[in-house]
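Content type CSV, C-alpha atoms, from the file final_5.csv:
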```csv
chain,number,residue,atom,x,y,z
E,230,MET,CA,47.9,-7.4,-13.3
E,231,SER,CA,44.2,-7.7,-14.3
E,232,GLU,CA,43.1,-9.5,-17.5
E,233,TYR,CA,43.2,-7.5,-20.7
E,234,GLN,CA,42.1,-8.4,-24.2
E,235,TYR,CA,41.9,-6.3,-27.3
E,236,TYR,CA,39.8,-7.1,-30.4
E,237,GLU,CA,39.7,-5.1,-33.6
E,238,PHE,CA,38.1,-6.1,-36.9
E,239,ALA,CA,38.2,-4.2,-40.2
E,240,ALA,CA,35.9,-4.4,-43.3
E,241,ILE,CA,37.9,-3.4,-46.3
E,242,ASP,CA,36.3,-4.5,-49.6
E,243,ARG,CA,32.7,-3.8,-48.6
E,244,PRO,CA,31.3,-1.7,-45.8
E,245,LEU,CA,29.1,-3.3,-43.2
E,246,THR,CA,25.4,-2.8,-43.8
E,247,PRO,CA,23.1,-1.3,-41.2
E,248,GLN,CA,21.7,-4.7,-40.6
E,249,GLN,CA,25.2,-6.2,-40.0
E,250,GLN,CA,26.1,-3.4,-37.7
E,251,ALA,CA,22.9,-4.1,-35.7
E,252,GLU,CA,23.8,-7.8,-35.5
E,253,LEU,CA,27.2,-6.9,-34.1
E,254,ARG,CA,25.7,-4.4,-31.6
E,255,SER,CA,23.6,-7.2,-30.3
E,256,ARG,CA,26.8,-8.9,-29.3
E,257,SER,CA,28.3,-5.8,-27.5
E,258,THR,CA,26.9,-2.6,-26.1
E,259,ARG,CA,30.3,-1.1,-25.4
E,260,ALA,CA,32.2,-1.7,-28.6
E,261,THR,CA,33.0,1.0,-31.1
E,262,ILE,CA,31.2,-0.1,-34.3
E,263,THR,CA,31.3,1.7,-37.6
E,264,ALA,CA,30.6,0.7,-41.2
E,265,SER,CA,34.2,-0.4,-41.5
E,266,SER,CA,35.3,-1.6,-38.0
E,267,PHE,CA,34.6,-3.2,-34.6
E,268,ILE,CA,36.8,-2.4,-31.7
E,269,ASN,CA,36.5,-3.5,-28.1
E,270,GLU,CA,38.6,-4.0,-25.0
E,271,TYR,CA,37.9,-6.5,-22.3
E,272,HIS,CA,39.1,-6.3,-18.7
E,273,TRP,CA,36.9,-9.2,-17.7
E,274,GLY,CA,34.7,-11.4,-19.8
E,275,ASP,CA,35.3,-12.1,-23.5
E,276,LEU,CA,34.0,-11.5,-27.0
E,277,LYS,CA,30.5,-12.9,-27.5
E,278,GLY,CA,31.3,-14.4,-30.8
E,279,ASP,CA,33.8,-16.5,-32.7
E,280,PRO,CA,36.4,-14.3,-34.5
E,281,LEU,CA,36.7,-16.9,-37.4
E,282,ASP,CA,32.9,-16.8,-37.9
E,283,TRP,CA,32.9,-13.0,-37.9
E,284,MET,CA,35.6,-13.1,-40.5
E,285,ARG,CA,33.5,-15.4,-42.7
E,286,ARG,CA,30.5,-13.2,-42.4
E,287,TYR,CA,31.6,-9.6,-42.0
E,288,PHE,CA,35.3,-8.6,-42.0
E,289,ASP,CA,38.5,-8.7,-44.0
E,290,ALA,CA,41.0,-8.3,-41.1
E,291,HIS,CA,41.2,-9.0,-37.4
E,292,VAL,CA,43.8,-8.3,-34.7
E,293,TYR,CA,43.7,-9.7,-31.2
E,294,TYR,CA,46.1,-9.6,-28.3
E,295,ALA,CA,46.0,-10.3,-24.6
E,296,ASN,CA,48.2,-9.2,-21.7
E,297,TRP,CA,49.4,-12.7,-21.1
E,298,GLY,CA,51.2,-12.7,-24.5
E,299,SER,CA,48.7,-14.4,-26.9
E,300,CYS,CA,48.0,-12.7,-30.2
E,301,CYS,CA,46.3,-13.4,-33.5
E,302,LEU,CA,46.1,-11.8,-37.0
E,303,LEU,CA,43.4,-13.0,-39.4
E,304,LEU,CA,43.2,-11.8,-43.0
E,305,ARG,CA,40.5,-12.7,-45.5
E,306,LEU,CA,41.4,-12.8,-49.2
E,307,PRO,CA,39.4,-13.8,-52.3
E,308,ARG,CA,40.0,-17.4,-53.3
E,309,ALA,CA,41.4,-16.2,-56.7
E,310,THR,CA,44.3,-14.5,-55.0
E,311,LEU,CA,46.1,-17.7,-54.0
E,312,GLU,CA,46.1,-21.1,-55.6
E,313,LYS,CA,45.6,-23.9,-53.1
E,314,ALA,CA,48.8,-25.6,-54.1
E,315,VAL,CA,50.8,-22.5,-53.4
E,316,LEU,CA,49.1,-22.0,-50.0
E,317,ASP,CA,49.5,-25.6,-49.0
E,318,ALA,CA,53.3,-25.3,-49.0
E,319,PHE,CA,53.2,-22.8,-46.2
E,320,VAL,CA,50.3,-23.7,-43.9
E,321,LEU,CA,48.7,-26.4,-41.8
E,322,PRO,CA,44.9,-27.0,-41.9
E,323,ALA,CA,43.1,-24.6,-39.6
E,324,GLU,CA,43.6,-25.7,-36.0
E,325,ARG,CA,43.9,-23.9,-32.8
E,326,GLY,CA,47.4,-23.6,-31.6
E,327,SER,CA,49.2,-23.6,-34.9
E,328,ALA,CA,51.4,-20.5,-35.6
E,329,PHE,CA,50.1,-20.3,-39.2
E,330,SER,CA,47.1,-21.9,-40.7
E,331,ALA,CA,44.4,-21.3,-43.3
E,332,SER,CA,40.7,-22.1,-43.8
E,333,ALA,CA,38.4,-21.6,-46.8
E,334,THR,CA,34.9,-20.5,-47.5
E,335,ASP,CA,33.2,-20.6,-50.9
E,336,GLU,CA,34.7,-17.2,-51.8
E,337,HIS,CA,37.6,-16.6,-49.5
E,338,TRP,CA,40.8,-17.8,-47.8
E,339,ILE,CA,41.1,-16.9,-44.2
E,340,LEU,CA,44.7,-16.8,-43.1
E,341,ASP,CA,45.6,-17.1,-39.4
E,342,TRP,CA,49.0,-16.0,-37.9
E,343,SER,CA,48.9,-16.7,-34.2
E,344,GLU,CA,51.0,-16.9,-31.1
E,345,TRP,CA,49.1,-18.6,-28.3
E,346,ASP,CA,50.7,-18.4,-24.9
E,347,GLU,CA,48.1,-19.8,-22.6
E,348,GLU,CA,50.8,-20.1,-19.8
E,349,GLY,CA,51.4,-16.4,-19.9
E,350,THR,CA,55.2,-16.8,-20.1
E,351,GLY,CA,55.8,-14.8,-23.3
E,352,ASP,CA,57.0,-11.3,-23.9
E,353,CYS,CA,53.9,-9.1,-24.0
E,354,GLU,CA,55.6,-5.7,-23.7
E,355,ARG,CA,54.8,-5.0,-27.4
E,356,PHE,CA,51.1,-4.8,-26.4
E,357,TRP,CA,51.6,-2.2,-23.7
E,358,ASP,CA,53.7,0.5,-25.2
E,359,GLU,CA,52.4,3.7,-26.8
E,360,GLU,CA,52.2,1.9,-30.2
E,361,SER,CA,50.1,-1.0,-28.9
E,362,GLN,CA,46.8,0.0,-30.5
E,363,ARG,CA,48.4,0.6,-33.9
E,364,TRP,CA,48.9,-3.0,-34.7
E,365,MET,CA,46.0,-3.1,-37.1
E,366,ALA,CA,47.4,-0.1,-39.0
E,367,ARG,CA,50.9,-1.7,-39.0
E,368,LEU,CA,49.7,-5.2,-40.1
E,369,LEU,CA,46.9,-4.4,-42.5
E,370,PRO,CA,49.2,-3.6,-45.5
E,371,LEU,CA,50.1,-7.3,-45.5
E,372,ARG,CA,46.7,-7.9,-47.1
E,373,ASP,CA,47.5,-5.6,-50.1
E,374,GLU,CA,50.9,-7.3,-50.4
E,375,LEU,CA,49.3,-10.7,-50.7
E,376,LEU,CA,46.7,-9.4,-53.1
E,377,ARG,CA,49.6,-8.3,-55.3
E,378,GLY,CA,51.3,-11.7,-55.2
E,379,ASP,CA,53.9,-11.1,-52.5
E,380,THR,CA,54.3,-14.4,-50.7
E,381,ARG,CA,56.7,-13.1,-48.0
E,382,PRO,CA,53.9,-12.9,-45.4
E,383,LEU,CA,53.2,-16.6,-46.1
E,384,TYR,CA,56.9,-17.5,-45.6
E,385,LEU,CA,57.0,-15.6,-42.4
E,386,GLY,CA,54.0,-17.6,-41.2
E,387,TRP,CA,55.9,-20.8,-42.0
E,388,LEU,CA,58.9,-19.4,-40.2
E,389,ALA,CA,56.7,-18.7,-37.1
E,390,ARG,CA,55.7,-22.4,-37.2
E,391,LEU,CA,59.4,-23.3,-37.3
E,392,CYS,CA,60.2,-21.0,-34.3
E,393,LYS,CA,57.3,-22.6,-32.4
E,394,GLY,CA,58.7,-26.1,-32.9
E,395,GLU,CA,55.9,-27.4,-35.1
E,396,LEU,CA,58.4,-28.7,-37.8
E,397,ASP,CA,61.0,-31.4,-37.4
E,398,ASP,CA,64.5,-31.4,-38.9
E,399,ALA,CA,63.4,-33.3,-42.0
E,400,ALA,CA,60.6,-30.9,-43.0
E,401,MET,CA,61.1,-29.1,-46.3
E,402,GLU,CA,60.8,-25.4,-46.5
E,403,PRO,CA,58.3,-23.8,-48.9
E,404,PRO,CA,59.4,-21.9,-52.0
E,405,VAL,CA,61.7,-19.1,-50.8
E,406,PRO,CA,60.3,-15.7,-52.0
E,407,PRO,CA,62.6,-12.9,-53.1
E,408,GLY,CA,63.1,-9.9,-50.8
E,409,LEU,CA,63.4,-11.7,-47.4
E,410,GLN,CA,66.5,-9.6,-46.7
E,411,ALA,CA,64.6,-6.4,-47.2
E,412,LEU,CA,61.2,-6.8,-45.5
E,413,SER,CA,58.4,-4.2,-45.9
E,414,GLY,CA,57.3,-2.3,-42.9
E,415,ALA,CA,54.2,-4.5,-42.5
E,416,GLN,CA,56.3,-7.6,-42.8
E,417,GLN,CA,58.7,-6.4,-40.1
E,418,ALA,CA,55.7,-5.6,-37.9
E,419,LEU,CA,54.6,-9.2,-38.4
E,420,VAL,CA,58.0,-10.4,-37.3
E,421,GLU,CA,57.7,-8.4,-34.1
E,422,TYR,CA,54.1,-9.4,-33.6
E,423,LEU,CA,54.8,-13.1,-33.7
E,424,LEU,CA,58.2,-12.8,-32.0
E,425,ILE,CA,59.9,-14.6,-34.9
E,426,ASP,CA,63.5,-15.4,-34.0
E,427,PRO,CA,65.8,-13.0,-35.9
E,428,ASP,CA,68.5,-15.7,-36.3
E,429,TRP,CA,66.0,-18.0,-38.1
E,430,LEU,CA,65.0,-15.2,-40.3
E,431,GLU,CA,68.5,-14.3,-41.2
E,432,ALA,CA,69.3,-17.9,-42.0
E,433,ALA,CA,66.2,-18.3,-44.1
E,434,ALA,CA,66.9,-15.1,-46.0
E,435,GLU,CA,70.3,-16.3,-47.2
E,436,ALA,CA,68.6,-18.2,-50.0
E,437,SER,CA,66.3,-15.3,-50.9
E,438,GLU,CA,67.0,-13.4,-54.1
E,439,PRO,CA,66.7,-9.5,-54.1
E,440,LEU,CA,63.4,-8.1,-55.2
E,441,SER,CA,63.3,-7.3,-58.9
E,442,ALA,CA,62.4,-3.7,-59.7
E,443,SER,CA,58.7,-3.7,-60.7
E,444,ASP,CA,58.3,-2.2,-64.1
E,445,GLY,CA,55.4,0.1,-63.3
E,446,THR,CA,56.7,2.8,-65.6
E,447,ALA,CA,54.5,4.7,-68.0
E,448,PRO,CA,55.7,2.9,-71.1
E,449,ALA,CA,55.0,-0.5,-69.5
E,450,LEU,CA,51.5,0.6,-68.4
E,451,ASP,CA,50.7,2.0,-71.8
E,452,ALA,CA,51.9,-1.1,-73.5
E,453,TRP,CA,49.7,-3.2,-71.3
E,454,LEU,CA,46.7,-0.9,-71.7
E,455,ASP,CA,47.1,-1.1,-75.5
E,456,ALA,CA,46.9,-4.9,-75.3
E,457,GLN,CA,43.6,-4.9,-73.4
E,458,THR,CA,40.3,-5.6,-75.1
E,459,PRO,CA,37.3,-3.2,-74.8
E,460,GLU,CA,35.4,-5.9,-72.9
E,461,THR,CA,38.2,-6.1,-70.2
E,462,LEU,CA,38.4,-2.4,-69.7
E,463,ARG,CA,34.6,-2.2,-69.6
E,464,ALA,CA,34.4,-4.8,-66.9
E,465,ALA,CA,36.9,-2.8,-64.7
E,466,LEU,CA,35.0,0.4,-65.2
E,467,ARG,CA,31.7,-1.3,-64.3
E,468,LEU,CA,33.2,-2.5,-61.0
E,469,LEU,CA,34.3,1.1,-60.3
E,470,LEU,CA,30.8,2.5,-61.0
E,471,GLU,CA,29.2,-0.2,-58.8
E,472,GLY,CA,31.4,1.0,-55.9
E,473,ARG,CA,33.7,-2.0,-56.0
E,474,GLY,CA,36.9,-0.1,-56.5
E,475,ALA,CA,39.1,-2.4,-54.4
E,476,GLN,CA,38.0,-5.4,-56.4
E,477,ALA,CA,38.6,-3.5,-59.7
E,478,GLU,CA,42.1,-2.5,-58.6
E,479,ARG,CA,42.9,-6.0,-57.5
E,480,GLU,CA,41.8,-7.6,-60.7
E,481,VAL,CA,43.5,-5.1,-63.0
E,482,ARG,CA,46.7,-5.2,-61.0
E,483,ARG,CA,46.7,-9.0,-61.1
E,484,ARG,CA,46.3,-9.1,-64.9
E,485,PHE,CA,49.0,-6.5,-65.2
E,486,LEU,CA,51.4,-8.5,-63.1
E,487,ASP,CA,50.6,-11.7,-64.9
E,488,TRP,CA,51.3,-9.9,-68.2
E,489,GLN,CA,54.7,-8.7,-66.8
E,490,ARG,CA,55.7,-12.1,-65.6
E,491,GLU,CA,55.0,-13.7,-69.0
E,492,ARG,CA,57.5,-11.2,-70.5
E,493,GLN,CA,60.2,-11.6,-67.9
E,494,PRO,CA,63.0,-14.1,-68.3
E,495,ALA,CA,62.6,-17.3,-66.3
E,496,VAL,CA,64.6,-17.3,-63.1
E,497,ALA,CA,65.5,-20.6,-61.4
E,498,ALA,CA,63.9,-20.8,-57.9
E,499,PRO,CA,66.4,-21.3,-55.1
E,500,PRO,CA,66.7,-25.0,-54.1
E,501,ARG,CA,64.4,-25.9,-51.2
E,502,ARG,CA,66.2,-26.8,-47.9
E,503,ARG,CA,65.4,-29.0,-45.0
E,504,VAL,CA,64.9,-27.5,-41.6
E,505,ALA,CA,68.2,-29.1,-40.5
E,506,ASP,CA,70.0,-27.2,-43.2
E,507,ILE,CA,68.6,-23.9,-42.2
E,508,ALA,CA,69.4,-24.7,-38.5
E,509,VAL,CA,73.1,-24.9,-39.5
E,510,LEU,CA,72.9,-21.5,-41.1
E,511,ARG,CA,71.1,-20.2,-38.0
E,512,GLN,CA,74.1,-21.0,-35.8
E,513,GLY,CA,76.2,-18.7,-38.0
E,514,ALA,CA,73.5,-16.1,-37.9
E,515,ALA,CA,73.4,-16.2,-34.2
E,516,GLN,CA,77.2,-15.8,-34.0
E,517,ARG,CA,77.1,-12.8,-36.3
E,518,ARG,CA,74.2,-11.2,-34.3
E,519,LEU,CA,76.2,-11.6,-31.1
E,520,GLU,CA,79.2,-10.0,-32.7
E,521,ARG,CA,77.1,-7.1,-33.9
E,522,GLU,CA,75.6,-6.7,-30.5
E,523,ARG,CA,79.1,-6.8,-28.9
E,524,GLN,CA,80.3,-4.1,-31.3
E,525,ALA,CA,77.2,-2.0,-30.7
E,526,ARG,CA,77.7,-2.2,-27.0
E,527,GLU,CA,81.4,-1.2,-27.3
E,528,ALA,CA,80.5,1.6,-29.6
E,529,GLU,CA,77.8,2.9,-27.2
E,530,GLU,CA,80.2,2.6,-24.2
E,531,ALA,CA,82.8,4.5,-26.1
E,532,ARG,CA,80.3,7.2,-27.0
E,533,LEU,CA,79.2,7.5,-23.4
E,534,ARG,CA,82.8,7.7,-22.2
E,535,ALA,CA,83.5,10.5,-24.7
E,536,GLU,CA,80.4,12.3,-23.8
E,537,ARG,CA,81.3,12.0,-20.1
E,538,GLN,CA,84.8,13.3,-20.8
E,539,ARG,CA,83.5,16.3,-22.7
E,540,SER,CA,81.0,17.0,-19.9
E,541,LEU,CA,83.8,16.9,-17.3
E,542,GLU,CA,86.0,19.2,-19.4
E,543,ARG,CA,83.2,21.7,-19.5
E,544,LEU,CA,82.7,21.4,-15.8
E,545,ALA,CA,86.4,21.9,-15.1
E,546,ASN,CA,86.4,25.0,-17.3
E,547,GLU,CA,83.5,26.4,-15.2
E,548,ALA,CA,84.9,25.3,-11.8
E,549,ASP,CA,84.5,28.7,-10.1
E,550,ALA,CA,80.8,28.8,-10.9
E,551,ALA,CA,80.5,25.1,-9.7
E,552,TRP,CA,82.1,25.9,-6.4
E,553,ALA,CA,79.8,28.9,-5.9
E,554,GLY,CA,76.8,26.7,-6.7
E,555,ILE,CA,77.8,24.1,-4.2
E,556,ASP,CA,78.2,26.8,-1.5
E,557,ARG,CA,74.7,28.2,-2.2
E,558,THR,CA,73.2,24.8,-2.0
E,559,LEU,CA,74.8,24.0,1.3
E,560,GLN,CA,73.4,27.3,2.7
E,561,ARG,CA,69.9,25.8,2.5
E,562,GLY,CA,70.9,23.5,5.4
E,563,SER,CA,68.6,20.5,4.6
E,564,GLY,CA,69.4,16.9,4.0
E,565,ALA,CA,68.2,17.1,0.4
E,566,ALA,CA,70.5,20.1,-0.1
E,567,TYR,CA,73.5,18.2,1.3
E,568,ASP,CA,72.8,15.3,-1.1
E,569,GLN,CA,72.5,17.6,-4.0
E,570,ALA,CA,75.7,19.4,-3.0
E,571,LEU,CA,77.6,16.1,-2.6
E,572,GLN,CA,76.5,14.9,-6.1
E,573,SER,CA,77.8,18.2,-7.6
E,574,LEU,CA,81.0,18.0,-5.6
E,575,ARG,CA,81.7,14.4,-6.8
E,576,ALA,CA,81.3,15.5,-10.4
E,577,LEU,CA,83.5,18.5,-9.9
E,578,ALA,CA,86.2,16.4,-8.1
E,579,GLU,CA,86.2,13.9,-11.1
E,580,ALA,CA,86.5,16.8,-13.5
E,581,LEU,CA,89.4,18.5,-11.7
E,582,ALA,CA,91.2,15.1,-11.3
E,583,GLN,CA,90.8,14.5,-15.1
E,584,ALA,CA,92.3,17.9,-15.7
E,585,GLY,CA,95.2,17.3,-13.3
E,586,ARG,CA,94.1,20.0,-11.0
E,587,GLU,CA,94.1,18.1,-7.7
E,588,ARG,CA,95.6,21.1,-5.8
E,589,GLU,CA,92.7,23.2,-6.8
E,590,LEU,CA,90.3,20.5,-5.6
E,591,ARG,CA,92.0,20.4,-2.1
E,592,SER,CA,91.9,24.2,-1.9
E,593,GLY,CA,88.2,24.3,-2.8
E,594,LEU,CA,87.4,21.6,-0.2
E,595,ALA,CA,89.3,23.6,2.4
E,596,ARG,CA,87.2,26.6,1.7
E,597,LEU,CA,84.0,24.6,2.0
E,598,GLN,CA,85.1,23.3,5.3
E,599,GLN,CA,85.8,26.8,6.6
E,600,SER,CA,82.3,27.8,5.6
E,601,HIS,CA,80.3,24.7,6.4
E,602,GLY,CA,82.6,22.5,8.5
E,603,ARG,CA,80.2,22.7,11.5
E,604,ARG,CA,77.3,21.1,9.5
E,605,GLY,CA,77.6,17.6,11.0
E,606,ALA,CA,75.4,15.9,8.5
E,607,TRP,CA,77.3,17.4,5.6
E,608,VAL,CA,80.7,16.4,7.0
E,609,LYS,CA,79.5,12.8,7.5
E,610,ARG,CA,78.6,12.7,3.8
E,611,LEU,CA,82.0,14.0,2.9
E,612,ILE,CA,83.7,11.4,5.0
E,613,ALA,CA,81.5,8.6,3.7
E,614,ALA,CA,82.3,9.7,0.1
E,615,GLY,CA,86.0,9.7,0.9
E,616,LEU,CA,86.4,13.4,0.1
E,617,VAL,CA,87.7,14.3,3.5
E,618,GLU,CA,89.3,12.2,6.3
E,619,ARG,CA,87.7,11.7,9.7
E,620,GLU,CA,89.4,13.8,12.4
E,621,SER,CA,91.2,11.6,14.9
```
Using the file provided, produce a representation of the structure as structure tokens.
Amino acid sequence: MSEYQYYEFAAIDRPLTPQQQAELRSRSTRATITASSFINEYHWGDLKGDPLDWMRRYFDAHVYYANWGSCCLLLRLPRATLEKAVLDAFVLPAERGSAFSASATDEHWILDWSEWDEEGTGDCERFWDEESQRWMARLLPLRDELLRGDTRPLYLGWLARLCKGELDDAAMEPPVPPGLQALSGAQQALVEYLLIDPDWLEAAAEASEPLSASDGTAPALDAWLDAQTPETLRAALRLLLEGRGAQAEREVRRRFLDWQRERQPAVAAPPRRRVADIAVLRQGAAQRRLERERQAREAEEARLRAERQRSLERLANEADAAWAGIDRTLQRGSGAAYDQALQSLRALAEALAQAGRERELRSGLARLQQSHGRRGAWVKRLIAAGLVERES
């Protein structure tokens, strides 16, 4: 298989200026470039630029994958979104080859979820199906979740590091966010994108509390709005009029969530565990998964058997029409016709045997022999299938 690489970048908070688009065009004459995106595929060669540098200068999101199994997701967030102390619990300093890392500019964090498979031994089927070029659409909602204070994408990044063997048994897990047992669609896409082991995920989620219902009801919103000063509301409206709607929504939503948290009763955080402790839970998760898979296989096999039985019952009920169809097929006198007739006859024989009508089967075979017994190729097929005996 030839080399294949896919690069997609997205500008969310601010569109690219004509000058910025021209700068990008100078790097690629074939790419699709708009005020909000850059998309290109490479069957040879590579991107003429550093994705991390492009994220610093132009974009808020980047998706990359290659046909040998490597992939990368970069998201750029305003520095005010995450405190450094919170982020440090989940990530390593930015370095190539880490499953989850972060770097900083004066204004932004750039988060990096990656699966680098330089040997080409990983599973890359997820990059070749019909949904392959929808990874940006599937993963981009993670950015909004992080902007709203959801740390589950960060924990999944830490879990990717664990799955990749970057952490030893004594390493402590970061604070466990609520809701790991009910991931969002984007978070589940991240699990698939990074090939996070489902047994590790289930084990980690055992300590995760359910998500609390967000009180975004009209009374709560009205109470918060009544508490805002004219200056605060004026600042939000000014951002909207300046075309910075995303920033306005982000800041207003952050203030509203902070206000909510101050009024909610304090909930003790789950105790942090060592990797070795989670590994013990993973063994139990693996056993439960294997049992679920066994039950699913047995249920599927039972479903197929029942479906087959119903199909054979219908065929037995329509035996006269089936015999006539086999006869018409044989009259074509070709090898393909004989194969088709034999396949139909085998199914009919099974249906009649299931119905306890073996005598009818023998009578039908005798009639076929009377009409087509001189077709040597057909008779050979019957003998090989064990439907008639070779004449002595």
Tell me which of E:Arg511, E:Arg490, E:Arg377, E:Arg604 sits closest to E:Leu311, counting only C-alpha atoms.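 Going through E:Arg511, E:Arg490, E:Arg377, E:Arg604 one by one, the smallest distance to E:Leu311 is for E:Arg377.
Compared by their closest atoms to E:Leu510, and using all atoms listed in the file, the residues E:Glu579, E:Tyr293, E:Glu312, E:Ala433 rank with E:Ala433 nearest.
Closest approach to E:Pro407 among E:Ser266, E:Thr334, E:Ser437, E:Thr380: E:Ser437, based on all atoms listed in the file.
Straight-line separation from atom CA of E:Arg308 to atom CA of E:Glu374: 15.1 Å.
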Of the candidates E:Gly474, E:Gly414, E:Gly408, E:Gly394, which shows the shortest atom-to-atom distance to E:Pro370, using all atoms listed in the file? E:Gly414
Near E:Val509, counting all atoms listed in the file, which residues have an atom at most 12 Å away, once you skip same-chain residues fewer than 2 positions from it, shown as a PyMOL selection string? chain E and resi 398+428-429+431-433+435+502-507+511-516
Which is closer to E:Trp387 than all the others in E:Ala318, E:Gly554, E:Trp364, E:Leu412, using only C-alpha atoms? E:Ala318
Determine the nearest neighbour of E:Trp357 from the options E:Phe238, E:Tyr294, E:Phe319, E:Trp345, counting all atoms listed in the file.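 Looking at the shortest contact to E:Trp357, the residue is E:Tyr294.
The interatomic distance for the pair atom CA of E:Ala411 and atom CA of E:Gly298 works out to 27.1 Å.
Counting from atom CA of E:Ala328, the distance to atom CA of E:Phe356 is 18.2 Å.
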Can you pull out the residues contacting E:Leu303? Cut-off 7 Å, using only C-alpha atoms, and skip same-chain residues under 2 positions away; I want them as a PyMOL selection string. chain E and resi 290-292+301+305+339-342
Excluding same-chain residues fewer than 5 positions from E:Leu611, what lies within 8 Å of it counting only C-alpha atoms, as a PDB file with C-alpha atoms, in the coordinates of the input?
```pdb
ATOM      1  CA  LEU E 571      77.600  16.100  -2.600  1.00  0.00           C
ATOM      2  CA  LEU E 616      86.400  13.400   0.100  1.00  0.00           C
ATOM      3  CA  VAL E 617      87.700  14.300   3.500  1.00  0.00           C
TER       4      VAL E 617
END
```
Will you model N, CA and C atoms for stretch 283-301 of chain E and pass it back as an mmCIF file, in the frame of the given file?
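Contents of rebuild_7.cif, as written:
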```
data_model
loop_
_atom_site.group_PDB
_atom_site.id
_atom_site.type_symbol
_atom_site.label_atom_id
_atom_site.label_comp_id
_atom_site.auth_asym_id
_atom_site.auth_seq_id
_atom_site.Cartn_x
_atom_site.Cartn_y
_atom_site.Cartn_z
ATOM 1 N N TRP E 283 33.073 -14.433 -37.528
ATOM 2 C CA TRP E 283 32.900 -13.000 -37.900
ATOM 3 C C TRP E 283 33.682 -12.700 -39.169
ATOM 4 N N MET E 284 34.849 -13.310 -39.323
ATOM 5 C CA MET E 284 35.600 -13.100 -40.500
ATOM 6 C C MET E 284 34.894 -13.664 -41.755
ATOM 7 N N ARG E 285 34.286 -14.807 -41.574
ATOM 8 C CA ARG E 285 33.500 -15.400 -42.700
ATOM 9 C C ARG E 285 32.361 -14.502 -43.108
ATOM 10 N N ARG E 286 31.724 -13.861 -42.121
ATOM 11 C CA ARG E 286 30.500 -13.200 -42.400
ATOM 12 C C ARG E 286 30.627 -11.660 -42.642
ATOM 13 N N TYR E 287 31.600 -11.035 -41.965
ATOM 14 C CA TYR E 287 31.600 -9.600 -42.000
ATOM 15 C C TYR E 287 32.915 -8.913 -42.420
ATOM 16 N N PHE E 288 34.059 -9.451 -42.008
ATOM 17 C CA PHE E 288 35.300 -8.600 -42.000
ATOM 18 C C PHE E 288 36.385 -9.226 -42.884
ATOM 19 N N ASP E 289 37.361 -8.356 -43.192
ATOM 20 C CA ASP E 289 38.500 -8.700 -44.000
ATOM 21 C C ASP E 289 39.806 -8.820 -43.175
ATOM 22 N N ALA E 290 39.805 -8.288 -41.960
ATOM 23 C CA ALA E 290 41.000 -8.300 -41.100
ATOM 24 C C ALA E 290 40.617 -8.321 -39.659
ATOM 25 N N HIS E 291 41.436 -8.985 -38.846
ATOM 26 C CA HIS E 291 41.200 -9.000 -37.400
ATOM 27 C C HIS E 291 42.520 -9.089 -36.662
ATOM 28 N N VAL E 292 42.644 -8.270 -35.616
ATOM 29 C CA VAL E 292 43.800 -8.300 -34.700
ATOM 30 C C VAL E 292 43.316 -8.512 -33.312
ATOM 31 N N TYR E 293 43.998 -9.417 -32.628
ATOM 32 C CA TYR E 293 43.700 -9.700 -31.200
ATOM 33 C C TYR E 293 44.975 -9.862 -30.449
ATOM 34 N N TYR E 294 44.990 -9.334 -29.235
ATOM 35 C CA TYR E 294 46.100 -9.600 -28.300
ATOM 36 C C TYR E 294 45.622 -9.525 -26.894
ATOM 37 N N ALA E 295 46.361 -10.212 -26.007
ATOM 38 C CA ALA E 295 46.000 -10.300 -24.600
ATOM 39 C C ALA E 295 47.261 -10.003 -23.758
ATOM 40 N N ASN E 296 47.037 -9.562 -22.521
ATOM 41 C CA ASN E 296 48.200 -9.200 -21.700
ATOM 42 C C ASN E 296 49.000 -10.341 -21.193
ATOM 43 N N TRP E 297 48.585 -11.567 -21.462
ATOM 44 C CA TRP E 297 49.400 -12.700 -21.100
ATOM 45 C C TRP E 297 50.303 -13.168 -22.246
ATOM 46 N N GLY E 298 50.242 -12.462 -23.394
ATOM 47 C CA GLY E 298 51.200 -12.700 -24.500
ATOM 48 C C GLY E 298 50.577 -13.343 -25.722
ATOM 49 N N SER E 299 49.336 -13.798 -25.700
ATOM 50 C CA SER E 299 48.700 -14.400 -26.900
ATOM 51 C C SER E 299 48.345 -13.278 -27.885
ATOM 52 N N CYS E 300 48.420 -13.616 -29.172
ATOM 53 C CA CYS E 300 48.000 -12.700 -30.200
ATOM 54 C C CYS E 300 47.582 -13.416 -31.452
ATOM 55 N N CYS E 301 46.837 -12.725 -32.306
ATOM 56 C CA CYS E 301 46.300 -13.400 -33.500
ATOM 57 C C CYS E 301 46.099 -12.296 -34.585
#
```
